[in-house]
>>> print(open('structure29.csv').read())   # CSV, C-alpha atoms
chain,number,residue,atom,x,y,z
D,1,PRO,CA,-1.4,-3.7,24.8
D,2,ASP,CA,2.1,-3.4,23.4
D,3,ALA,CA,3.9,-5.9,25.6
D,4,ARG,CA,5.0,-8.8,23.4
D,5,TRP,CA,7.1,-8.4,20.2
D,6,LEU,CA,8.3,-11.0,17.7
D,7,ASP,CA,11.3,-11.0,15.4
D,8,LEU,CA,10.2,-13.9,13.2
D,9,CYS,CA,13.5,-14.3,11.2
D,10,ALA,CA,15.9,-12.9,13.7
D,11,GLY,CA,19.4,-14.1,12.5
D,12,PRO,CA,22.1,-12.9,12.8
D,13,GLY,CA,20.7,-10.6,15.5
D,14,GLY,CA,21.4,-7.0,14.7
D,15,LYS,CA,17.7,-6.0,14.3
D,16,ALA,CA,16.7,-8.2,17.3
D,17,ALA,CA,19.2,-6.3,19.5
D,18,LEU,CA,17.7,-3.0,18.3
D,19,LEU,CA,14.1,-4.2,18.9
D,20,ALA,CA,15.0,-5.5,22.3
D,21,ALA,CA,16.5,-2.2,23.3
D,22,LEU,CA,13.4,-0.4,22.1
D,23,ALA,CA,11.2,-3.0,23.9
D,24,ALA,CA,13.1,-2.4,27.1
D,25,GLU,CA,12.3,1.3,27.0
D,26,ARG,CA,8.6,0.6,26.5
D,27,GLY,CA,8.2,-2.2,29.0
D,28,ALA,CA,7.8,-4.8,26.3
D,29,ARG,CA,9.5,-8.2,25.8
D,30,LEU,CA,11.0,-9.6,22.6
D,31,VAL,CA,10.8,-13.2,21.3
D,32,ALA,CA,13.5,-13.8,18.7
D,33,ASN,CA,12.9,-16.8,16.3
D,34,GLU,CA,15.5,-18.2,13.9
D,35,VAL,CA,15.3,-21.4,11.9
D,36,GLN,CA,19.0,-22.0,11.7
D,37,PRO,CA,20.7,-23.1,15.0
D,38,HIS,CA,24.0,-21.4,14.2
D,39,ARG,CA,22.2,-18.2,13.4
D,40,ALA,CA,20.2,-18.5,16.6
D,41,ARG,CA,23.5,-18.6,18.5
D,42,LEU,CA,24.5,-15.4,16.8
D,43,VAL,CA,21.2,-13.8,17.9
D,44,ARG,CA,21.8,-14.8,21.6
D,45,GLN,CA,25.3,-13.3,21.4
D,46,ALA,CA,23.8,-10.0,19.9
D,47,LEU,CA,21.3,-9.8,22.8
D,48,VAL,CA,23.9,-10.2,25.6
D,49,ALA,CA,24.1,-6.5,26.3
D,50,VAL,CA,20.3,-5.9,26.2
D,51,PRO,CA,18.7,-4.9,29.5
D,52,GLU,CA,17.5,-7.8,31.6
D,53,GLY,CA,13.8,-8.7,31.1
D,54,ALA,CA,13.6,-7.3,27.6
D,55,VAL,CA,14.1,-10.7,25.9
D,56,GLU,CA,11.6,-13.4,26.7
D,57,ASP,CA,13.2,-16.0,24.5
D,58,VAL,CA,15.5,-16.9,21.6
D,59,ARG,CA,14.0,-19.8,19.8
D,60,THR,CA,15.1,-22.1,17.0
D,61,GLY,CA,12.2,-23.0,14.8
D,62,ASP,CA,10.5,-22.6,11.5
D,63,GLY,CA,8.8,-19.2,11.4
D,64,ARG,CA,6.0,-20.7,9.2
D,65,ASP,CA,4.8,-22.6,12.2
D,66,VAL,CA,4.6,-19.7,14.7
D,67,GLY,CA,1.2,-18.4,13.5
D,68,THR,CA,-0.4,-21.8,14.0
D,69,ASP,CA,1.4,-22.5,17.3
D,70,GLU,CA,0.8,-19.1,18.8
D,71,PRO,CA,-2.1,-17.4,17.1
D,72,GLY,CA,-2.8,-13.8,18.1
D,73,ARG,CA,-0.1,-13.9,20.8
D,74,TYR,CA,2.0,-10.9,19.6
D,75,ASP,CA,1.4,-7.2,19.5
D,76,ARG,CA,4.1,-6.5,16.9
D,77,VAL,CA,5.8,-8.8,14.5
D,78,LEU,CA,8.8,-8.0,12.3
D,79,LEU,CA,9.3,-10.2,9.3
D,80,ASP,CA,12.6,-9.4,7.6
D,81,ALA,CA,12.0,-12.1,5.0
D,82,PRO,CA,14.6,-14.2,3.3
D,83,CYS,CA,15.0,-12.8,-0.2
D,84,THR,CA,17.3,-12.5,-3.1
D,85,GLY,CA,19.2,-9.7,-1.5
D,86,LEU,CA,19.4,-7.8,-4.8
D,87,GLY,CA,18.8,-4.6,-3.0
D,88,ALA,CA,22.3,-4.8,-1.5
D,89,LEU,CA,24.2,-5.0,-4.8
D,90,ARG,CA,26.0,-1.7,-4.2
D,91,ARG,CA,27.7,-3.3,-1.2
D,92,ARG,CA,27.9,-6.8,-2.5
D,93,PRO,CA,28.2,-6.7,-6.3
D,94,GLU,CA,29.4,-10.3,-6.4
D,95,SER,CA,26.0,-11.5,-5.2
D,96,ARG,CA,24.5,-10.9,-8.7
D,97,TRP,CA,26.4,-14.0,-9.9
D,98,ARG,CA,24.8,-16.1,-7.1
D,99,ARG,CA,21.2,-15.4,-8.1
D,100,THR,CA,19.1,-16.6,-11.0
D,101,PRO,CA,15.5,-16.0,-11.9
D,102,ALA,CA,14.7,-19.5,-10.7
D,103,ASP,CA,15.6,-18.4,-7.1
D,104,LEU,CA,12.4,-16.2,-7.0
D,105,ALA,CA,10.1,-19.2,-7.1
D,106,GLY,CA,11.3,-20.8,-3.9
D,107,LEU,CA,11.9,-17.6,-2.1
D,108,GLY,CA,8.6,-16.2,-3.2
D,109,ALA,CA,6.7,-19.2,-1.8
D,110,LEU,CA,8.7,-18.9,1.5
D,111,GLN,CA,8.0,-15.2,1.8
D,112,ARG,CA,4.3,-15.6,1.4
D,113,GLU,CA,4.2,-18.5,3.9
D,114,LEU,CA,6.1,-16.5,6.5
D,115,LEU,CA,3.9,-13.5,6.0
D,116,ALA,CA,0.8,-15.6,6.4
D,117,SER,CA,2.3,-17.0,9.7
D,118,ALA,CA,3.1,-13.5,10.9
D,119,LEU,CA,-0.5,-12.3,10.2
D,120,ARG,CA,-1.8,-15.2,12.2
D,121,ALA,CA,0.6,-14.6,15.1
D,122,VAL,CA,-0.2,-11.0,15.6
D,123,ARG,CA,-3.3,-10.0,17.6
D,124,VAL,CA,-6.3,-8.1,16.3
D,125,GLY,CA,-5.2,-4.5,16.2
D,126,GLY,CA,-1.5,-5.5,16.1
D,127,LEU,CA,1.0,-4.6,13.5
D,128,VAL,CA,3.3,-6.7,11.1
D,129,GLY,CA,6.3,-5.1,9.4
D,130,TYR,CA,7.2,-6.9,6.2
D,131,VAL,CA,10.7,-6.1,5.1
D,132,THR,CA,13.0,-7.3,2.2
D,133,CYS,CA,16.3,-6.1,1.0
D,134,SER,CA,15.0,-6.3,-2.6
D,135,PRO,CA,13.4,-4.0,-5.2
D,136,VAL,CA,11.9,-7.0,-7.1
D,137,LEU,CA,8.2,-6.7,-7.3
D,138,ALA,CA,7.6,-10.4,-6.8
D,139,GLU,CA,9.3,-10.1,-3.4
D,140,THR,CA,7.7,-6.8,-2.4
D,141,GLN,CA,4.3,-5.5,-3.6
D,142,LEU,CA,3.2,-8.7,-5.2
D,143,ALA,CA,4.1,-10.7,-2.1
D,144,VAL,CA,1.9,-8.4,0.0
D,145,VAL,CA,-1.0,-8.6,-2.5
D,146,ASP,CA,-0.8,-12.4,-2.4
D,147,ALA,CA,-0.6,-12.5,1.4
D,148,LEU,CA,-3.6,-10.2,1.7
D,149,ARG,CA,-5.6,-12.4,-0.7
D,150,ALA,CA,-4.6,-15.5,1.3
D,151,ALA,CA,-5.5,-13.8,4.6
D,152,ARG,CA,-9.0,-13.0,3.3
D,153,LYS,CA,-9.5,-16.6,2.3
D,154,ALA,CA,-8.4,-17.7,5.8
D,155,GLY,CA,-10.9,-15.4,7.4
D,156,LEU,CA,-8.5,-12.7,8.5
D,157,GLU,CA,-9.2,-9.0,8.0
D,158,VAL,CA,-5.9,-7.1,7.3
D,159,GLU,CA,-5.3,-3.5,6.1
D,160,VAL,CA,-2.2,-1.9,4.7
D,161,ALA,CA,-1.0,0.8,7.2
D,162,ASP,CA,0.9,4.0,6.2
D,163,ALA,CA,4.5,3.0,6.3
D,164,ARG,CA,5.4,6.2,4.5
D,165,ALA,CA,4.1,8.4,7.4
D,166,VAL,CA,6.1,6.3,9.9
D,167,VAL,CA,9.4,6.5,7.9
D,168,THR,CA,9.1,10.2,7.1
D,169,GLY,CA,8.4,10.8,10.8
D,170,ILE,CA,11.8,9.3,11.6
D,171,ALA,CA,13.6,10.8,8.6
D,172,PRO,CA,11.6,14.0,7.6
D,173,GLY,CA,13.9,14.9,4.6
D,174,LEU,CA,13.3,11.6,2.9
D,175,ASP,CA,11.7,12.0,-0.5
D,176,LEU,CA,9.1,9.2,-0.9
D,177,PRO,CA,6.3,8.6,-3.4
D,178,ASP,CA,2.8,9.1,-2.1
D,179,ARG,CA,1.9,5.5,-1.4
D,180,PRO,CA,1.5,3.5,1.8
D,181,ASP,CA,4.5,1.2,1.4
D,182,VAL,CA,8.1,2.3,1.2
D,183,GLN,CA,10.7,1.4,-1.4
D,184,LEU,CA,14.2,2.9,-0.8
D,185,TRP,CA,16.8,3.2,-3.6
D,186,PRO,CA,20.6,3.7,-3.5
D,187,HIS,CA,20.5,6.5,-6.1
D,188,ALA,CA,17.7,8.4,-4.4
D,189,HIS,CA,18.2,7.7,-0.7
D,190,GLY,CA,21.8,6.5,-0.2
D,191,THR,CA,20.6,3.2,1.2
D,192,ASP,CA,20.2,-0.4,0.0
D,193,ALA,CA,17.1,-1.0,-2.1
D,194,MET,CA,15.0,-1.9,0.9
D,195,HIS,CA,11.2,-2.4,1.0
D,196,LEU,CA,8.8,-2.0,3.9
D,197,THR,CA,5.1,-2.6,4.2
D,198,LEU,CA,3.1,-2.3,7.4
D,199,LEU,CA,0.1,-4.5,7.9
D,200,ARG,CA,-2.5,-4.1,10.6
D,201,ARG,CA,-4.7,-7.0,11.5
D,202,LEU,CA,-8.3,-5.9,12.0
D,203,GLY,CA,-10.0,-9.2,12.6
>>> encode(input="structure29.csv", output="structure tokens")
Amino acid sequence: PDARWLDLCAGPGGKAALLAALAAERGARLVANEVQPHRARLVRQALVAVPEGAVEDVRTGDGRDVGTDEPGRYDRVLLDAPCTGLGALRRRPESRWRRTPADLAGLGALQRELLASALRAVRVGGLVGYVTCSPVLAETQLAVVDALRAARKAGLEVEVADARAVVTGIAPGLDLPDRPDVQLWPHAHGTDAMHLTLLRRLG
């Protein structure tokens, strides 16, 4: 089945609106979760124009709880994780002065907890997209390695799916290294320094 999708950290709503539009085309429904009430209101506003029936719910809640509250209930989960945002420095150069190395500790723990929740929330055979606007290894590849290790300890079987094949299927001219995750760079791809890993739950 491919009927129920989750945007785990949905605020302010741009990605949720795109996901809901895609869900409407495929006969699926989107649940949008956001921990901050004011950002959840922005998500609701962003979803106003989405076709009726494509949005199941916009919720205010801690994404770390969803995997426990709704284990295996979603076919696809997007986790656009809170991160340092250092991948967007070309558009927001002033943000470099708001971040310190100490920020990584708190954000890293949150990223790993949210990813663990996403992997519990997705059904066996379902797919989790882990995304950050960061090139920092602690927020990208290392976060995934830690999440996979924690999933094994929790009795979950998870594999890394081929995000590179998916991305080059959408943008064939994109020059990406031969590895399963995707790291985009401003100087090479004309984008923010965004990261994507796709994870499929096998058991």
>>> residues_around(input="structure29.csv", residues="range 189-198 of chain D", least_positions_apart="2", cutoff="7 Å", atoms="only C-alpha atoms", output="PyMOL selection string")
chain D and resi 87-88+127-135+140+160-163+181-187+200
>>> atom_distance(input="structure29.csv", atom1="CA of Ala49 in chain D", atom2="CA of Ala32 in chain D")
14.9 Å
>>> atom_distance(input="structure29.csv", atom1="CA of Leu176 in chain D", atom2="CA of Leu137 in chain D")
17.2 Å
>>> residues_around(input="structure29.csv", residues="Ala147 in chain D", least_positions_apart="4", cutoff="9 Å", atoms="all atoms listed in the file", output="ChimeraX atom specification")
/D:112-113,115-116,119,142-143,151-152
>>> residues_around(input="structure29.csv", residues="Pro71 in chain D", least_positions_apart="3", cutoff="6 Å", atoms="all atoms listed in the file", output="list in words")
Gly67, Thr68, Arg120 and Ala121 of chain D
>>> atom_distance(input="structure29.csv", atom1="CA of His38 in chain D", atom2="CA of Gly106 in chain D")
22.1 Å
>>> closest_atom_pairs(input="structure29.csv", of="range 57-175 of chain D", to="range 2-5 of chain D", cutoff="8 Å", atoms="only C-alpha atoms", output="CSV")
residue,atom,partner,partner_atom,distance
D:Arg73,CA,D:Arg4,CA,7.7
D:Tyr74,CA,D:Arg4,CA,5.3
D:Asp75,CA,D:Asp2,CA,5.5
D:Arg76,CA,D:Trp5,CA,4.8
D:Val77,CA,D:Trp5,CA,5.9
>>> residues_around(input="structure29.csv", residues="Leu114 in chain D", least_positions_apart="6", cutoff="9 Å", atoms="only C-alpha atoms", output="list in words")
Leu8, Gly63, Arg64, Asp65, Val66, Gly67, Leu79 and Ala81 of chain D
>>> residues_near_point(input="structure29.csv", point="(18.4, -3.0, 21.1)", cutoff="12 Å", atoms="only C-alpha atoms", output="list in words")
Gly13, Gly14, Lys15, Ala16, Ala17, Leu18, Leu19, Ala20, Ala21, Leu22, Ala23, Ala24, Glu25, Arg26, Ala28, Arg29, Leu30, Val43, Ala46, Leu47, Val48, Ala49, Val50, Pro51, Glu52, Ala54 and Val55 of chain D
>>> closest_residue(input="structure29.csv", among="D:Gln36, D:Thr168, D:Thr100, D:Gln141", to="Gly85 in chain D", atoms="all atoms listed in the file")
D:Thr100
>>> closest_residue(input="structure29.csv", among="D:Arg44, D:Arg164, D:Arg201, D:Lys153", to="Val122 in chain D", atoms="all atoms listed in the file")
D:Arg201
